[in-house]
Structures are given as structure tokens and as C-alpha cells.
Amino acid sequence: ANADYIKRQIREKIDRCSVTVVYLSEKTASSKWVNWEIEESIKRGKGVIGVYKGDKIPTSVPLAFGHSGCKAVKWNHAALMKAIEDASTKR
């Protein structure tokens, strides 16, 4: 029941946006919630992008992110803004 409540709350937030931004770290790869958010965002027709800190993308990314061919960009304002714009128009 608690998981259903959490999913409902997250779905409401996904529905209000056009792009879901996923922060990619070594920890997000194993998060069932991050995978679910990515899958749910794609199912609802939203664009999905990943952002990462540092010079290269983490070696592991969430399964749903990798399977969906989502784009990842370095945490940089210009690159992030462009990726959000691109993901929004390609959904």
C-alpha cells in the first residue's frame, strides 16, 4: 500500500512535466525506484535524459535508461538545457 501511494505521488509529478531528468551515479543503477520512474516516464510519453557529475558517465546506469536509448549529458548548464529541449521535442 505504501508503494502504491509513492507511485501515485510520483506519477502526478511525471504528468506535470515534459522531461524527466535522472541524476546518474553509481547508486542509481541499482535503484528499483529510478528504473520504475524511467519506465513510467517513457510509458507516459515523456522525454528522459540523464545527467552526471564529473568527466564521464558512471560505468553502471539504470537498466531502463540503457534499454531506452536515453541520452546522458555532463552536469553543465548549456548541455543540460539543450538536452532537455531536445528530449522535449523528440517525445
# chains A, B, ... in the order shown; residues from 1 in each chain; ligands from 1
$ select_by_dssp --residues "chain A" --states "helix (DSSP H, G or I)" --output "ChimeraX atom specification"
/A:2-15,28-30,32-43,63-67,77-90
$ write_last_selection --atoms "N, CA and C atoms" --output "compact mmCIF listing (two decimals), in the first residue's frame"
# COMPACT_ATOMS: atom_id res chain seq x y z
N ASN A 2 1.97 1.23 0.77
CA ASN A 2 2.86 2.37 0.80
C ASN A 2 3.51 2.61 -0.57
N ALA A 3 3.90 1.52 -1.26
CA ALA A 3 4.48 1.64 -2.59
C ALA A 3 3.47 2.22 -3.58
N ASP A 4 2.21 1.82 -3.45
CA ASP A 4 1.16 2.36 -4.33
C ASP A 4 1.01 3.86 -4.13
N TYR A 5 1.06 4.29 -2.89
CA TYR A 5 0.95 5.72 -2.57
C TYR A 5 2.13 6.48 -3.18
N ILE A 6 3.33 5.95 -3.01
CA ILE A 6 4.52 6.60 -3.55
C ILE A 6 4.42 6.68 -5.07
N LYS A 7 4.03 5.58 -5.72
CA LYS A 7 3.89 5.58 -7.18
C LYS A 7 2.87 6.61 -7.64
N ARG A 8 1.77 6.71 -6.94
CA ARG A 8 0.73 7.69 -7.29
C ARG A 8 1.29 9.11 -7.22
N GLN A 9 2.04 9.39 -6.15
CA GLN A 9 2.63 10.72 -5.98
C GLN A 9 3.64 11.03 -7.10
N ILE A 10 4.45 10.04 -7.44
CA ILE A 10 5.45 10.24 -8.49
C ILE A 10 4.76 10.41 -9.84
N ARG A 11 3.73 9.60 -10.12
CA ARG A 11 3.00 9.73 -11.39
C ARG A 11 2.44 11.14 -11.58
N GLU A 12 1.91 11.72 -10.49
CA GLU A 12 1.37 13.08 -10.58
C GLU A 12 2.46 14.06 -11.00
N LYS A 13 3.65 13.90 -10.46
CA LYS A 13 4.76 14.79 -10.82
C LYS A 13 5.22 14.54 -12.26
N ILE A 14 5.28 13.29 -12.68
CA ILE A 14 5.66 12.96 -14.05
C ILE A 14 4.66 13.58 -15.02
N ASP A 15 3.38 13.49 -14.70
CA ASP A 15 2.35 14.02 -15.59
C ASP A 15 2.44 15.53 -15.78
N THR A 28 22.37 5.01 -8.51
CA THR A 28 21.09 4.97 -9.22
C THR A 28 20.92 3.72 -10.07
N ALA A 29 22.02 3.11 -10.48
CA ALA A 29 21.94 1.92 -11.33
C ALA A 29 21.17 0.80 -10.67
N SER A 30 21.27 0.68 -9.36
CA SER A 30 20.62 -0.43 -8.67
C SER A 30 19.30 -0.02 -8.00
N LYS A 32 15.51 0.39 -7.73
CA LYS A 32 14.28 -0.05 -8.39
C LYS A 32 13.36 1.14 -8.64
N TRP A 33 13.44 2.13 -7.78
CA TRP A 33 12.57 3.31 -7.96
C TRP A 33 13.00 4.13 -9.17
N VAL A 34 14.29 4.29 -9.38
CA VAL A 34 14.76 5.05 -10.53
C VAL A 34 14.36 4.33 -11.82
N ASN A 35 14.54 3.01 -11.85
CA ASN A 35 14.12 2.24 -13.02
C ASN A 35 12.63 2.42 -13.28
N TRP A 36 11.84 2.33 -12.22
CA TRP A 36 10.39 2.47 -12.37
C TRP A 36 10.04 3.86 -12.89
N GLU A 37 10.69 4.90 -12.36
CA GLU A 37 10.43 6.28 -12.82
C GLU A 37 10.73 6.45 -14.30
N ILE A 38 11.84 5.87 -14.74
CA ILE A 38 12.21 5.97 -16.16
C ILE A 38 11.16 5.26 -17.01
N GLU A 39 10.81 4.03 -16.64
CA GLU A 39 9.81 3.26 -17.39
C GLU A 39 8.47 3.99 -17.42
N GLU A 40 8.06 4.52 -16.29
CA GLU A 40 6.78 5.21 -16.18
C GLU A 40 6.79 6.49 -17.01
N SER A 41 7.89 7.21 -17.00
CA SER A 41 8.01 8.43 -17.79
C SER A 41 7.88 8.13 -19.28
N ILE A 42 8.57 7.10 -19.73
CA ILE A 42 8.51 6.72 -21.15
C ILE A 42 7.11 6.25 -21.52
N LYS A 43 6.50 5.46 -20.63
CA LYS A 43 5.14 4.96 -20.86
C LYS A 43 4.16 6.12 -21.01
N LEU A 63 18.93 0.05 -15.68
CA LEU A 63 18.59 -0.82 -16.81
C LEU A 63 17.64 -0.13 -17.78
N ALA A 64 16.59 0.47 -17.26
CA ALA A 64 15.59 1.12 -18.12
C ALA A 64 16.21 2.27 -18.91
N PHE A 65 17.19 2.93 -18.34
CA PHE A 65 17.87 4.04 -19.01
C PHE A 65 18.65 3.51 -20.21
N GLY A 66 19.41 2.46 -19.98
CA GLY A 66 20.20 1.87 -21.05
C GLY A 66 19.35 1.26 -22.15
N HIS A 67 18.28 0.57 -21.78
CA HIS A 67 17.40 -0.10 -22.74
C HIS A 67 16.60 0.88 -23.58
N HIS A 77 25.33 23.58 -17.45
CA HIS A 77 24.10 24.31 -17.72
C HIS A 77 23.71 24.29 -19.20
N ALA A 78 24.61 24.66 -20.09
CA ALA A 78 24.28 24.74 -21.51
C ALA A 78 23.91 23.36 -22.07
N ALA A 79 24.71 22.34 -21.71
CA ALA A 79 24.44 20.99 -22.21
C ALA A 79 23.12 20.46 -21.65
N LEU A 80 22.85 20.75 -20.40
CA LEU A 80 21.61 20.30 -19.77
C LEU A 80 20.40 20.96 -20.41
N MET A 81 20.46 22.26 -20.63
CA MET A 81 19.34 22.98 -21.25
C MET A 81 19.06 22.44 -22.66
N LYS A 82 20.12 22.20 -23.44
CA LYS A 82 19.94 21.68 -24.79
C LYS A 82 19.35 20.27 -24.76
N ALA A 83 19.83 19.43 -23.86
CA ALA A 83 19.32 18.06 -23.78
C ALA A 83 17.85 18.04 -23.38
N ILE A 84 17.45 18.91 -22.45
CA ILE A 84 16.04 18.99 -22.05
C ILE A 84 15.19 19.43 -23.25
N GLU A 85 15.65 20.44 -23.95
CA GLU A 85 14.92 20.92 -25.13
C GLU A 85 14.79 19.82 -26.18
N ASP A 86 15.90 19.13 -26.46
CA ASP A 86 15.88 18.03 -27.45
C ASP A 86 14.93 16.92 -27.02
N ALA A 87 15.02 16.50 -25.75
CA ALA A 87 14.16 15.42 -25.25
C ALA A 87 12.69 15.82 -25.30
N SER A 88 12.42 17.08 -25.05
CA SER A 88 11.04 17.56 -25.05
C SER A 88 10.45 17.51 -26.47
N THR A 89 11.23 17.85 -27.46
CA THR A 89 10.70 17.86 -28.83
C THR A 89 10.68 16.48 -29.47
N LYS A 90 11.47 15.54 -28.95
CA LYS A 90 11.53 14.19 -29.55
C LYS A 90 10.58 13.21 -28.91
$ residues_around --residues "Lys71 of chain A" --least-positions-apart "6" --cutoff "8 Å" --atoms "only C-alpha atoms" --output "MDAnalysis selection string"
chainID A and resid 48:50 83
$ closest_residue --among "A:Gly45, A:Leu24, A:Cys70, A:Arg16" --to "Pro58 of chain A" --atoms "only C-alpha atoms"
A:Leu24
$ select_by_dssp --residues "segment 6-83 of chain A" --states "strand (DSSP E or B)" --output "list in words"
Val19, Thr20, Val21, Val22, Tyr23, Leu24, Gly47, Val48, Ile49, Gly50, Val51, Tyr52, Lys71, Ala72, Val73 and Lys74 of chain A
$ closest_residue --among "A:Arg91, A:Lys46, A:Tyr23, A:Ser31" --to "Lys74 of chain A" --atoms "only C-alpha atoms"
A:Tyr23
$ atom_distance --atom1 "atom CA of Lys53 of chain A" --atom2 "atom CA of Ser25 of chain A"
8.0 Å
$ atom_distance --atom1 "atom CA of Gly54 of chain A" --atom2 "atom CA of Gly69 of chain A"
21.0 Å
$ atom_distance --atom1 "atom CA of Trp75 of chain A" --atom2 "atom CA of Thr20 of chain A"
14.8 Å
